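Structure below is model11.tsv: TSV, C-alpha atoms.
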chain	number	residue	atom	x	y	z
T	1	MET	CA	111.89	-32.99	134.25
T	2	SER	CA	113.78	-30.72	131.94
T	3	THR	CA	114.52	-27.08	132.13
T	4	GLU	CA	115.60	-24.63	129.50
T	5	SER	CA	116.01	-20.92	129.35
T	6	ILE	CA	112.78	-19.18	128.41
T	7	ALA	CA	111.56	-15.64	128.84
T	8	ALA	CA	109.96	-14.78	132.13
T	9	PRO	CA	106.19	-14.51	131.85
T	10	ARG	CA	104.38	-11.24	132.16
T	11	SER	CA	103.77	-11.41	135.87
T	12	ASN	CA	101.41	-9.13	137.66
T	13	SER	CA	104.19	-6.85	138.80
T	14	ALA	CA	105.21	-3.27	138.18
T	15	GLN	CA	106.39	-3.80	134.61
T	16	SER	CA	103.37	-5.85	133.56
T	17	PRO	CA	101.17	-4.04	131.06
T	18	LYS	CA	98.32	-2.37	132.82
T	19	TYR	CA	95.04	-1.87	131.15
T	20	LYS	CA	95.14	1.86	130.44
T	21	ARG	CA	92.88	2.51	127.50
T	22	SER	CA	92.18	6.20	127.18
T	23	LYS	CA	88.53	7.14	127.20
T	24	GLY	CA	87.11	7.63	123.73
T	25	ASN	CA	88.21	10.82	122.00
T	26	ASN	CA	85.15	10.61	119.75
T	27	SER	CA	87.20	10.78	116.60
T	28	SER	CA	86.55	8.55	113.62
T	29	PHE	CA	90.11	8.77	112.35
T	30	GLU	CA	90.72	5.03	112.64
T	31	MET	CA	87.52	4.34	110.72
T	32	ALA	CA	88.51	6.82	108.00
T	33	ALA	CA	91.96	5.23	107.78
T	34	TRP	CA	90.44	1.76	107.51
T	35	LEU	CA	88.04	2.88	104.79
T	36	PHE	CA	90.80	4.75	102.94
T	37	MET	CA	92.94	1.59	102.82
T	38	ARG	CA	90.15	-0.35	101.08
T	39	LEU	CA	89.10	2.37	98.64
T	40	SER	CA	92.64	3.46	97.70
T	41	GLY	CA	93.56	-0.20	97.24
T	42	VAL	CA	90.82	-0.70	94.66
T	43	VAL	CA	91.72	2.52	92.80
T	44	LEU	CA	95.43	1.66	92.90
T	45	ILE	CA	94.82	-1.70	91.23
T	46	VAL	CA	93.33	0.15	88.23
T	47	LEU	CA	95.97	2.90	88.21
T	48	ILE	CA	99.01	0.66	88.60
T	49	PHE	CA	97.96	-2.00	86.12
T	50	GLY	CA	96.91	0.73	83.66
T	51	HIS	CA	100.32	2.36	84.14
T	52	LEU	CA	102.15	-0.94	83.61
T	53	PHE	CA	100.08	-1.80	80.53
T	54	VAL	CA	100.60	1.57	78.82
T	55	ASN	CA	104.33	1.68	79.59
T	56	LEU	CA	105.33	-1.93	79.03
T	57	MET	CA	102.81	-3.49	76.60
T	58	LEU	CA	101.50	-0.89	74.16
T	59	GLY	CA	103.49	0.03	71.05
T	60	ASP	CA	107.17	-0.89	71.32
T	61	GLY	CA	106.63	-1.93	74.91
T	62	ILE	CA	109.51	-1.63	77.31
T	63	HIS	CA	111.96	-0.68	74.52
T	64	ALA	CA	110.17	2.63	74.02
T	65	VAL	CA	110.70	3.76	77.62
T	66	ASP	CA	113.33	6.50	77.84
T	67	PHE	CA	113.61	10.15	78.84
T	68	GLY	CA	111.67	11.23	75.78
T	69	PHE	CA	108.86	8.74	76.52
T	70	VAL	CA	108.37	10.12	80.02
T	71	ALA	CA	108.60	13.70	78.75
T	72	GLY	CA	105.97	12.91	76.14
T	73	LYS	CA	103.62	11.40	78.71
T	74	TRP	CA	103.91	14.34	81.08
T	75	ALA	CA	103.16	16.78	78.28
T	76	SER	CA	99.57	15.57	78.54
T	77	PRO	CA	97.44	16.71	81.50
T	78	PHE	CA	95.74	13.28	81.49
T	79	TRP	CA	98.95	11.47	82.44
T	80	GLN	CA	99.94	14.26	84.83
T	81	ILE	CA	96.71	13.72	86.77
T	82	TRP	CA	97.02	9.92	86.50
T	83	ASP	CA	100.54	9.90	87.91
T	84	LEU	CA	99.71	12.49	90.55
T	85	VAL	CA	96.77	10.44	91.85
T	86	MET	CA	98.88	7.29	91.73
T	87	LEU	CA	101.69	8.96	93.67
T	88	TRP	CA	99.45	10.33	96.40
T	89	LEU	CA	97.34	7.21	96.84
T	90	ALA	CA	100.33	4.86	96.81
T	91	ILE	CA	102.33	6.89	99.35
T	92	LEU	CA	99.37	7.47	101.67
T	93	HIS	CA	98.32	3.82	101.38
T	94	GLY	CA	101.85	2.66	102.18
T	95	THR	CA	102.28	5.18	104.99
T	96	ASN	CA	99.04	4.12	106.63
T	97	GLY	CA	100.04	0.47	106.32
T	98	VAL	CA	103.38	1.08	108.00
T	99	ARG	CA	101.64	3.22	110.63
T	100	THR	CA	99.40	0.29	111.62
T	101	ILE	CA	102.41	-2.03	111.69
T	102	ILE	CA	104.21	0.39	114.03
T	103	ASN	CA	101.11	0.60	116.22
T	104	ASP	CA	100.91	-3.19	116.34
T	105	TYR	CA	104.55	-4.00	116.98
T	106	ALA	CA	106.16	-1.09	118.82
T	107	GLU	CA	105.57	-1.77	122.49
T	108	ARG	CA	106.99	1.40	124.02
T	109	SER	CA	105.27	4.68	123.24
T	110	GLY	CA	108.64	6.42	122.79
T	111	THR	CA	109.66	3.96	120.05
T	112	ARG	CA	106.25	4.34	118.52
T	113	MET	CA	106.49	8.13	118.41
T	114	THR	CA	110.00	8.12	116.94
T	115	LEU	CA	109.21	5.59	114.23
T	116	LYS	CA	106.02	7.41	113.25
T	117	THR	CA	107.80	10.75	113.07
T	118	VAL	CA	110.44	9.30	110.74
T	119	LEU	CA	107.68	7.72	108.66
T	120	TYR	CA	105.62	10.92	108.32
T	121	VAL	CA	108.66	13.05	107.43
T	122	ALA	CA	109.77	10.54	104.78
T	123	SER	CA	106.30	10.30	103.22
T	124	GLY	CA	105.88	14.07	103.32
T	125	VAL	CA	109.18	14.65	101.49
T	126	ILE	CA	108.35	12.06	98.82
T	127	VAL	CA	104.84	13.39	98.21
T	128	VAL	CA	105.95	17.03	97.98
T	129	LEU	CA	108.97	16.23	95.81
T	130	GLY	CA	106.95	13.98	93.48
T	131	THR	CA	104.18	16.52	93.07
T	132	LEU	CA	106.71	19.22	92.33
T	133	VAL	CA	108.39	17.11	89.65
T	134	ILE	CA	105.13	16.18	87.92
T	135	PHE	CA	104.00	19.81	87.61
T	136	THR	CA	107.30	21.61	86.98
T	137	PHE	CA	108.86	19.04	84.68
T	138	ASP	CA	110.39	20.68	81.62
T	139	PRO	CA	112.27	18.37	79.23
T	140	CYS	CA	113.92	21.29	77.43
T	141	PRO	CA	115.01	23.77	80.10
T	142	PRO	CA	116.06	27.11	78.61
T	143	GLY	CA	119.79	27.74	78.72
T	144	ALA	CA	120.78	24.08	78.64
T	145	VAL	CA	122.85	23.12	75.62
T	146	ILE	CA	124.18	19.63	76.13
T	147	ASP	CA	122.37	16.31	76.67
T	148	LEU	CA	119.04	17.67	75.42
T	149	PRO	CA	116.65	15.12	73.93
T	150	SER	CA	116.38	15.18	70.14
T	151	PHE	CA	112.86	16.63	70.09
T	152	CYS	CA	113.89	19.86	71.78
T	153	PRO	CA	114.08	22.94	69.57
T	154	VAL	CA	117.68	23.67	68.71
T	155	PRO	CA	118.63	26.99	70.29
H	156	MET	CA	56.39	-73.58	148.95
H	157	SER	CA	59.58	-74.28	147.19
H	158	THR	CA	60.44	-72.09	144.28
H	159	VAL	CA	63.82	-71.75	142.74
H	160	GLU	CA	65.88	-69.91	145.32
H	161	THR	CA	69.03	-69.46	143.32
H	162	GLU	CA	68.94	-66.10	141.52
H	163	LEU	CA	71.09	-65.81	138.51
H	164	PRO	CA	73.36	-62.75	138.56
H	165	GLU	CA	72.53	-60.09	136.05
H	166	PRO	CA	74.36	-60.81	132.82
H	167	ALA	CA	77.14	-58.33	132.04
H	168	SER	CA	75.57	-57.49	128.74
H	169	LYS	CA	72.17	-58.12	127.24
H	170	ILE	CA	73.86	-58.81	123.94
H	171	GLU	CA	76.00	-61.90	123.83
H	172	LEU	CA	79.04	-61.35	121.65
H	173	PRO	CA	80.53	-64.42	119.98
H	174	ALA	CA	83.99	-65.23	121.27
H	175	HIS	CA	85.76	-64.57	118.00
H	176	LEU	CA	84.75	-60.89	118.06
H	177	GLY	CA	86.77	-60.36	121.20
H	178	GLY	CA	85.84	-58.34	124.25
H	179	GLY	CA	83.77	-55.35	123.14
H	180	GLY	CA	84.67	-52.19	124.99
H	181	GLU	CA	88.37	-52.53	125.62
H	182	ILE	CA	89.70	-48.97	125.78
H	183	PRO	CA	93.21	-48.58	124.39
H	184	THR	CA	95.84	-47.17	126.71
H	185	PHE	CA	98.99	-45.30	125.83
H	186	ASP	CA	101.79	-43.37	127.49
H	187	VAL	CA	101.77	-39.60	127.17
H	188	THR	CA	104.22	-36.95	128.26
H	189	LEU	CA	102.91	-33.55	129.30
H	190	LYS	CA	105.35	-30.66	129.07
H	191	VAL	CA	103.87	-28.02	131.32
H	192	ARG	CA	105.14	-24.46	131.65
H	193	ARG	CA	105.46	-23.95	135.38
H	194	TYR	CA	105.68	-20.56	137.09
H	195	ASP	CA	105.57	-19.85	140.79
H	196	PRO	CA	106.60	-16.31	141.80
H	197	GLU	CA	106.94	-17.40	145.46
H	198	PHE	CA	109.97	-19.47	144.51
H	199	SER	CA	111.33	-18.03	141.28
H	200	GLU	CA	110.63	-15.23	138.84
H	201	GLU	CA	111.68	-17.61	136.07
H	202	SER	CA	109.25	-20.00	134.49
H	203	LYS	CA	110.38	-23.46	133.45
H	204	TRP	CA	109.18	-26.46	131.51
H	205	GLU	CA	108.42	-29.58	133.51
H	206	GLU	CA	107.62	-32.98	132.02
H	207	PHE	CA	105.26	-35.58	133.43
H	208	THR	CA	104.78	-39.03	131.94
H	209	MET	CA	101.75	-41.20	132.65
H	210	THR	CA	99.56	-43.90	131.15
H	211	MET	CA	96.22	-42.61	129.89
H	212	TYR	CA	93.16	-44.06	128.18
H	213	GLY	CA	91.90	-43.32	124.69
H	214	THR	CA	88.84	-41.59	126.17
H	215	ASP	CA	90.91	-39.18	128.28
H	216	ARG	CA	91.28	-35.47	127.68
H	217	VAL	CA	94.18	-33.14	128.43
H	218	LEU	CA	92.29	-32.07	131.56
H	219	ASP	CA	92.27	-35.70	132.79
H	220	ALA	CA	96.03	-35.84	132.30
H	221	LEU	CA	96.44	-32.58	134.28
H	222	HIS	CA	94.24	-34.05	137.03
H	223	LYS	CA	96.36	-37.19	137.11
H	224	VAL	CA	99.48	-35.07	137.54
H	225	LYS	CA	97.93	-32.95	140.27
H	226	TRP	CA	96.37	-35.86	142.17
H	227	GLU	CA	99.13	-38.45	141.82
H	228	GLN	CA	102.45	-36.77	140.93
H	229	ASP	CA	102.70	-33.09	141.86
H	230	GLY	CA	99.97	-31.46	143.91
H	231	SER	CA	101.43	-28.01	143.39
H	232	LEU	CA	100.39	-27.89	139.72
H	233	SER	CA	97.82	-25.09	139.41
H	234	PHE	CA	95.16	-24.64	136.77
H	235	ARG	CA	91.56	-23.44	136.58
H	236	ARG	CA	88.67	-25.74	135.80
H	237	SER	CA	85.08	-25.84	136.94
H	238	CYS	CA	82.56	-27.82	134.94
H	239	ALA	CA	85.11	-29.85	132.97
H	240	HIS	CA	82.61	-30.20	130.12
H	241	GLY	CA	83.31	-27.26	127.84
H	242	VAL	CA	80.67	-24.89	129.18
H	243	CYS	CA	82.17	-22.81	132.00
H	244	GLY	CA	85.18	-21.58	130.00
H	245	SER	CA	87.66	-21.87	132.87
H	246	ASP	CA	90.35	-24.08	131.40
H	247	ALA	CA	91.42	-22.32	128.20
H	248	MET	CA	95.14	-22.96	127.72
H	249	ARG	CA	97.73	-23.16	124.99
H	250	ILE	CA	98.04	-26.84	124.07
H	251	ASN	CA	100.69	-27.67	121.47
H	252	GLY	CA	100.79	-23.98	120.57
H	253	ARG	CA	97.05	-23.60	120.01
H	254	ASN	CA	94.46	-22.12	122.34
H	255	ARG	CA	91.97	-24.79	123.35
H	256	LEU	CA	89.87	-25.93	126.28
H	257	ALA	CA	91.73	-28.71	128.13
H	258	CYS	CA	88.37	-30.38	128.81
H	259	LYS	CA	87.46	-30.59	125.11
H	260	THR	CA	90.81	-31.78	123.76
H	261	LEU	CA	91.13	-35.57	123.58
H	262	LEU	CA	94.65	-36.87	124.05
H	263	LYS	CA	94.20	-39.33	121.18
H	264	ASP	CA	93.63	-36.41	118.78
H	265	LEU	CA	97.07	-35.00	119.62
H	266	ASP	CA	100.45	-36.37	118.60
H	267	THR	CA	101.23	-38.55	121.64
H	268	SER	CA	104.60	-39.64	120.25
H	269	LYS	CA	105.98	-36.24	121.30
H	270	PRO	CA	105.51	-34.38	124.59
H	271	ILE	CA	102.29	-32.37	124.63
H	272	THR	CA	103.11	-28.76	125.56
H	273	VAL	CA	100.71	-27.00	127.90
H	274	GLU	CA	101.15	-23.27	128.56
H	275	PRO	CA	99.01	-20.48	129.98
H	276	ILE	CA	97.15	-18.37	127.41
H	277	LYS	CA	99.24	-15.48	126.09
H	278	GLY	CA	98.89	-11.74	126.57
H	279	LEU	CA	97.46	-11.83	130.09
H	280	PRO	CA	99.63	-11.64	133.24
H	281	VAL	CA	100.49	-15.13	134.57
H	282	GLU	CA	99.74	-15.61	138.27
H	283	LYS	CA	100.83	-19.21	138.75
H	284	ASP	CA	101.44	-22.11	136.35
H	285	LEU	CA	98.44	-22.11	134.00
H	286	ILE	CA	96.44	-19.45	135.85
H	287	VAL	CA	96.38	-15.96	134.34
H	288	ASP	CA	94.91	-12.69	135.57
H	289	MET	CA	91.67	-12.36	133.60
H	290	GLU	CA	90.92	-8.83	134.85
H	291	PRO	CA	92.03	-6.90	131.70
H	292	PHE	CA	89.92	-9.29	129.66
H	293	PHE	CA	86.81	-8.77	131.79
H	294	GLN	CA	87.40	-5.02	131.93
H	295	SER	CA	87.06	-4.84	128.14
H	296	PHE	CA	84.02	-7.09	128.37
H	297	ARG	CA	82.33	-4.82	130.92
H	298	GLU	CA	83.09	-1.72	128.86
H	299	VAL	CA	80.90	-2.80	125.93
H	300	MET	CA	77.85	-3.02	128.25
H	301	PRO	CA	77.07	-6.71	127.81
H	302	PHE	CA	73.51	-6.46	129.11
H	303	LEU	CA	70.09	-5.62	127.70
H	304	VAL	CA	69.30	-1.90	127.64
H	305	ASN	CA	65.68	-1.15	126.85
H	306	ARG	CA	64.20	2.32	127.10
H	307	GLY	CA	60.59	1.21	126.62
H	308	HIS	CA	58.07	0.39	129.33
H	309	GLU	CA	58.87	-2.54	131.54
H	310	PRO	CA	56.73	-5.33	130.12
H	311	SER	CA	54.67	-7.48	132.46
H	312	LYS	CA	55.72	-10.61	130.60
H	313	GLU	CA	58.75	-11.72	128.64
H	314	ARG	CA	60.01	-9.60	125.72
H	315	LEU	CA	58.97	-11.43	122.58
H	316	GLN	CA	61.11	-11.62	119.47
H	317	SER	CA	60.62	-13.24	116.08
H	318	ALA	CA	62.66	-16.30	115.20
H	319	GLU	CA	64.39	-14.32	112.41
H	320	ASP	CA	65.36	-11.52	114.79
H	321	ARG	CA	66.76	-14.09	117.22
H	322	GLU	CA	68.67	-15.83	114.44
H	323	ARG	CA	70.49	-12.57	113.61
H	324	PHE	CA	72.79	-12.80	116.63
H	325	ASP	CA	72.50	-16.52	117.41
H	326	ASP	CA	76.17	-17.25	116.75
H	327	THR	CA	77.48	-14.70	119.26
H	328	THR	CA	75.23	-15.93	122.09
H	329	LYS	CA	77.41	-19.04	122.32
H	330	CYS	CA	80.37	-17.24	123.92
H	331	ILE	CA	81.54	-18.73	127.25
H	332	LEU	CA	84.18	-16.02	127.97
H	333	CYS	CA	87.08	-18.46	128.07
H	334	ALA	CA	89.45	-15.84	126.52
H	335	ALA	CA	90.79	-18.33	123.98
H	336	CYS	CA	90.06	-15.85	121.17
H	337	THR	CA	91.37	-12.67	122.78
H	338	SER	CA	94.57	-14.37	123.95
H	339	SER	CA	95.19	-15.78	120.46
H	340	CYS	CA	95.04	-12.33	118.85
H	341	PRO	CA	98.47	-10.94	117.87
H	342	VAL	CA	97.18	-7.37	118.17
H	343	PHE	CA	96.15	-8.06	121.77
H	344	TRP	CA	99.57	-9.59	122.52
H	345	THR	CA	101.52	-6.39	121.84
H	346	ASP	CA	100.14	-4.01	124.45
H	347	GLY	CA	96.87	-5.51	125.67
H	348	GLN	CA	94.94	-2.30	125.01
H	349	TYR	CA	92.87	-3.64	122.10
H	350	PHE	CA	89.30	-4.46	123.15
H	351	GLY	CA	89.81	-7.97	121.80
H	352	PRO	CA	87.56	-10.40	119.94
H	353	ALA	CA	85.59	-11.58	122.97
H	354	ALA	CA	84.42	-8.09	123.95
H	355	ILE	CA	83.40	-7.36	120.34
H	356	VAL	CA	81.54	-10.68	120.09
H	357	ASN	CA	79.59	-9.84	123.23
H	358	ALA	CA	78.86	-6.34	121.95
H	359	HIS	CA	77.67	-7.90	118.67
H	360	ARG	CA	75.25	-10.09	120.63
H	361	PHE	CA	73.40	-6.96	121.84
H	362	ILE	CA	74.03	-4.59	118.91
H	363	PHE	CA	72.06	-6.91	116.62
H	364	ASP	CA	69.38	-7.77	119.20
H	365	SER	CA	66.08	-6.17	118.10
H	366	ARG	CA	65.00	-5.75	121.75
H	367	ASP	CA	68.04	-3.69	122.67
H	368	ASP	CA	68.21	0.12	122.43
H	369	ALA	CA	71.87	0.84	123.21
H	370	GLY	CA	73.40	-0.39	119.94
H	371	ASP	CA	74.53	3.14	119.02
H	372	MET	CA	76.35	3.55	122.33
H	373	ARG	CA	78.17	0.24	121.85
H	374	LEU	CA	79.12	1.14	118.28
H	375	GLU	CA	80.48	4.45	119.56
H	376	ILE	CA	82.57	2.61	122.18
H	377	LEU	CA	83.98	0.19	119.57
H	378	ASN	CA	84.76	3.04	117.12
H	379	ASP	CA	87.64	3.78	119.50
H	380	LYS	CA	91.32	3.86	118.58
H	381	GLU	CA	91.58	0.47	120.30
H	382	GLY	CA	88.28	-0.78	118.92
H	383	VAL	CA	87.25	-2.85	115.91
H	384	TRP	CA	89.60	-1.03	113.53
H	385	ARG	CA	92.62	-2.69	115.14
H	386	CYS	CA	91.35	-6.05	113.87
H	387	ARG	CA	93.67	-7.29	111.11
H	388	THR	CA	91.44	-10.26	110.16
H	389	THR	CA	94.09	-12.86	110.86
H	390	PHE	CA	91.31	-15.30	111.85
H	391	ASN	CA	93.28	-16.56	114.89
H	392	CYS	CA	90.20	-15.91	117.02
H	393	SER	CA	87.80	-17.87	114.79
H	394	GLU	CA	90.25	-20.77	114.79
H	395	ALA	CA	90.72	-20.66	118.56
H	396	CYS	CA	87.05	-20.44	119.56
H	397	PRO	CA	86.06	-23.73	121.25
H	398	ARG	CA	82.40	-22.95	120.53
H	399	GLY	CA	82.95	-22.50	116.80
H	400	ILE	CA	81.78	-18.87	116.79
H	401	GLN	CA	82.67	-17.08	113.55
H	402	VAL	CA	84.44	-14.37	115.52
H	403	THR	CA	86.12	-12.57	112.63
H	404	GLN	CA	82.80	-12.38	110.80
H	405	ALA	CA	81.13	-10.90	113.88
H	406	ILE	CA	83.87	-8.24	114.06
H	407	ALA	CA	83.39	-7.48	110.35
H	408	GLU	CA	79.65	-7.06	110.93
H	409	VAL	CA	80.32	-4.58	113.73
H	410	LYS	CA	82.72	-2.67	111.43
H	411	GLN	CA	80.01	-2.53	108.79
H	412	ALA	CA	77.44	-1.33	111.32
H	413	ILE	CA	79.75	1.50	112.46
H	414	LEU	CA	80.40	2.51	108.83
H	415	SER	CA	76.78	2.52	107.75
H	416	ARG	CA	75.84	4.48	110.88
H	417	GLN	CA	78.43	7.19	110.15
H	418	ILE	CA	77.81	7.55	106.44

Hey, can you dump this file as structure tokens for me?
Amino acid sequence: MSTESIAAPRSNSAQSPKYKRSKGNNSSFEMAAWLFMRLSGVVLIVLIFGHLFVNLMLGDGIHAVDFGFVAGKWASPFWQIWDLVMLWLAILHGTNGVRTIINDYAERSGTRMTLKTVLYVASGVIVVLGTLVIFTFDPCPPGAVIDLPSFCPVP
Amino acid sequence: MSTVETELPEPASKIELPAHLGGGGEIPTFDVTLKVRRYDPEFSEESKWEEFTMTMYGTDRVLDALHKVKWEQDGSLSFRRSCAHGVCGSDAMRINGRNRLACKTLLKDLDTSKPITVEPIKGLPVEKDLIVDMEPFFQSFREVMPFLVNRGHEPSKERLQSAEDRERFDDTTKCILCAACTSSCPVFWTDGQYFGPAAIVNAHRFIFDSRDDAGDMRLEILNDKEGVWRCRTTFNCSEACPRGIQVTQAIAEVKQAILSRQI
């Protein structure tokens, strides 16, 4: 006979988890989230590998990537939309993934709430900030004199 | 009136084996050590490992070893078993870290050079030793309405069904409600609110039954926050099922049915 220190089992006492499933709220949110993960995943494969190919393989490849390269890409509405869709899908896909991980692993509802709040705030900030940058990006801001890229009109 | 009075005893075998082949059915024996996780709340809130060593035969199962312990070494060892032949689903336990039926696991198939660990199934409250409280498990099972619902007229004879229609849900009729699948699911382990593979398998059995009329209600129940969408397809359940039910596939089919019903 040997003994060693192991965690006490979940006995049928006060702290044991009681079955307390709330009655159906008739929402299909979980289904929509599940479907979104699959669809956004497929679209992201195309968007991300397209992004990598255009930036790193075409032309001079990785050596061409600099401030001017990004400015040139965002001058075209095509790449603005491409990057916008990529940003939104990637952040929402990642957020939903972390949300399910929190749901699976956080045992106390307080921890769950806190973690999810942090997650939603972080994703919200990134999405808003990213969208703002894509649409308001100006490589040659008026009034700036130093450190302007070479293609800007000389004031 | 004198016939031969001496009756020859029945030969041991109708087939005479030549001596050089040796005695036919000699069953090999070996020593095994069972390492059982004991828990008795009447004496201690702590659970502990206890080892038992005994000589067993090559035809013995883990359940036979548990019986030997209970009958010859320590009568206080508690575990559930009824039929002992893999049909009643009473003796699901965690053997060497995997959920199996003790009555279907041969000792010779395990590594007998090391102690064989035997624990209660995870995620359900332990009552004593290997016995767990199955109530949360059966509550989920009851919630999916695991019975035939038919709104038509009561037929005067049996409800007929084509062989193809019966084949559709054949796999999920095999469930014996042993809880090996649900208690192997990591999503169920966290808070025990997930319906669990077994309840979904038993819903599947009626959802895809052509004679049943309550499929929509069951799909609505499983579209819950704690329903099929919590499945992460880790395949623990399919691996644990002692009846070889393709549990993860059944869950995927229910997901598909909910999707196609909504869209």

Worksheet item: With all atoms listed in the file as the basis for distance, which of H:Met372, H:Val342, H:Ala318, H:Cys396 is at the shortest distance from chain T?
Response: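 Between H:Met372, H:Val342, H:Ala318, H:Cys396, the residue approaching chain T most closely is H:Val342.
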
Worksheet item: Could you name the residues that touch Arg99 (chain T) at 10 Å or less, counting all atoms listed in the file, but leaving out those on the same chain fewer than 5 positions away, as a VMD selection string?
Response: chain T and resid 93 to 94 104 112 115 to 116 119 to 120

Contacts of chain H with chain T up to 10 Å, shortest pair per row, all atoms listed in the file, as JSON lines:
{"residue": "H:Lys190", "atom": "CA", "partner": "T:Met1", "partner_atom": "CA", "distance": 8.7}
{"residue": "H:Val191", "atom": "CA", "partner": "T:Met1", "partner_atom": "CA", "distance": 9.9}
{"residue": "H:Arg192", "atom": "CA", "partner": "T:Thr3", "partner_atom": "CA", "distance": 9.8}
{"residue": "H:Tyr194", "atom": "CA", "partner": "T:Pro9", "partner_atom": "CA", "distance": 8.0}
{"residue": "H:Asp195", "atom": "CA", "partner": "T:Ser11", "partner_atom": "CA", "distance": 9.9}
{"residue": "H:Pro196", "atom": "CA", "partner": "T:Ser11", "partner_atom": "CA", "distance": 8.2}
{"residue": "H:Ser199", "atom": "CA", "partner": "T:Ala8", "partner_atom": "CA", "distance": 9.8}
{"residue": "H:Glu200", "atom": "CA", "partner": "T:Ala8", "partner_atom": "CA", "distance": 6.8}
{"residue": "H:Glu201", "atom": "CA", "partner": "T:Ala8", "partner_atom": "CA", "distance": 5.1}
{"residue": "H:Ser202", "atom": "CA", "partner": "T:Ala8", "partner_atom": "CA", "distance": 5.8}
{"residue": "H:Lys203", "atom": "CA", "partner": "T:Thr3", "partner_atom": "CA", "distance": 5.7}
{"residue": "H:Trp204", "atom": "CA", "partner": "T:Thr3", "partner_atom": "CA", "distance": 5.4}
{"residue": "H:Glu205", "atom": "CA", "partner": "T:Met1", "partner_atom": "CA", "distance": 4.9}
{"residue": "H:Glu206", "atom": "CA", "partner": "T:Met1", "partner_atom": "CA", "distance": 4.8}
{"residue": "H:Phe207", "atom": "CA", "partner": "T:Met1", "partner_atom": "CA", "distance": 7.2}
{"residue": "H:Thr208", "atom": "CA", "partner": "T:Met1", "partner_atom": "CA", "distance": 9.6}
{"residue": "H:Pro275", "atom": "CA", "partner": "T:Pro9", "partner_atom": "CA", "distance": 9.5}
{"residue": "H:Lys277", "atom": "CA", "partner": "T:Arg10", "partner_atom": "CA", "distance": 9.0}
{"residue": "H:Gly278", "atom": "CA", "partner": "T:Arg10", "partner_atom": "CA", "distance": 7.9}
{"residue": "H:Leu279", "atom": "CA", "partner": "T:Arg10", "partner_atom": "CA", "distance": 7.2}
{"residue": "H:Pro280", "atom": "CA", "partner": "T:Arg10", "partner_atom": "CA", "distance": 4.9}
{"residue": "H:Val281", "atom": "CA", "partner": "T:Ser11", "partner_atom": "CA", "distance": 5.1}
{"residue": "H:Glu282", "atom": "CA", "partner": "T:Ser11", "partner_atom": "CA", "distance": 6.3}
{"residue": "H:Lys283", "atom": "CA", "partner": "T:Ser11", "partner_atom": "CA", "distance": 8.8}
{"residue": "H:Val287", "atom": "CA", "partner": "T:Ser11", "partner_atom": "CA", "distance": 8.8}
{"residue": "H:Asp288", "atom": "CA", "partner": "T:Asn12", "partner_atom": "CA", "distance": 7.7}
{"residue": "H:Glu290", "atom": "CA", "partner": "T:Tyr19", "partner_atom": "CA", "distance": 8.9}
{"residue": "H:Pro291", "atom": "CA", "partner": "T:Tyr19", "partner_atom": "CA", "distance": 5.9}
{"residue": "H:Phe292", "atom": "CA", "partner": "T:Tyr19", "partner_atom": "CA", "distance": 9.1}
{"residue": "H:Gln294", "atom": "CA", "partner": "T:Tyr19", "partner_atom": "CA", "distance": 8.3}
{"residue": "H:Ser295", "atom": "CA", "partner": "T:Tyr19", "partner_atom": "CA", "distance": 9.0}
{"residue": "H:Pro341", "atom": "CA", "partner": "T:Asp104", "partner_atom": "CA", "distance": 8.3}
{"residue": "H:Val342", "atom": "CA", "partner": "T:Asp104", "partner_atom": "CA", "distance": 5.9}
{"residue": "H:Phe343", "atom": "CA", "partner": "T:Asp104", "partner_atom": "CA", "distance": 8.7}
{"residue": "H:Trp344", "atom": "CA", "partner": "T:Asp104", "partner_atom": "CA", "distance": 9.0}
{"residue": "H:Thr345", "atom": "CA", "partner": "T:Glu107", "partner_atom": "CA", "distance": 6.2}
{"residue": "H:Asp346", "atom": "CA", "partner": "T:Glu107", "partner_atom": "CA", "distance": 6.2}
{"residue": "H:Gly347", "atom": "CA", "partner": "T:Tyr19", "partner_atom": "CA", "distance": 6.8}
{"residue": "H:Gln348", "atom": "CA", "partner": "T:Arg21", "partner_atom": "CA", "distance": 5.8}
{"residue": "H:Tyr349", "atom": "CA", "partner": "T:Arg21", "partner_atom": "CA", "distance": 8.2}
{"residue": "H:Phe350", "atom": "CA", "partner": "T:Arg21", "partner_atom": "CA", "distance": 9.0}
{"residue": "H:Glu375", "atom": "CA", "partner": "T:Asn26", "partner_atom": "CA", "distance": 7.7}
{"residue": "H:Ile376", "atom": "CA", "partner": "T:Gly24", "partner_atom": "CA", "distance": 6.9}
{"residue": "H:Leu377", "atom": "CA", "partner": "T:Gly24", "partner_atom": "CA", "distance": 9.1}
{"residue": "H:Asn378", "atom": "CA", "partner": "T:Ser28", "partner_atom": "CA", "distance": 6.8}
{"residue": "H:Asp379", "atom": "CA", "partner": "T:Gly24", "partner_atom": "CA", "distance": 5.7}
{"residue": "H:Lys380", "atom": "CA", "partner": "T:Glu30", "partner_atom": "CA", "distance": 6.1}
{"residue": "H:Glu381", "atom": "CA", "partner": "T:Arg21", "partner_atom": "CA", "distance": 7.6}
{"residue": "H:Gly382", "atom": "CA", "partner": "T:Glu30", "partner_atom": "CA", "distance": 8.9}
{"residue": "H:Val383", "atom": "CA", "partner": "T:Met31", "partner_atom": "CA", "distance": 8.9}
{"residue": "H:Trp384", "atom": "CA", "partner": "T:Glu30", "partner_atom": "CA", "distance": 6.2}
{"residue": "H:Arg385", "atom": "CA", "partner": "T:Thr100", "partner_atom": "CA", "distance": 8.2}
{"residue": "H:Arg387", "atom": "CA", "partner": "T:Thr100", "partner_atom": "CA", "distance": 9.5}
{"residue": "H:Lys410", "atom": "CA", "partner": "T:Met31", "partner_atom": "CA", "distance": 8.5}
{"residue": "H:Ile413", "atom": "CA", "partner": "T:Met31", "partner_atom": "CA", "distance": 8.5}
{"residue": "H:Leu414", "atom": "CA", "partner": "T:Met31", "partner_atom": "CA", "distance": 7.6}
{"residue": "H:Gln417", "atom": "CA", "partner": "T:Ser28", "partner_atom": "CA", "distance": 8.9}
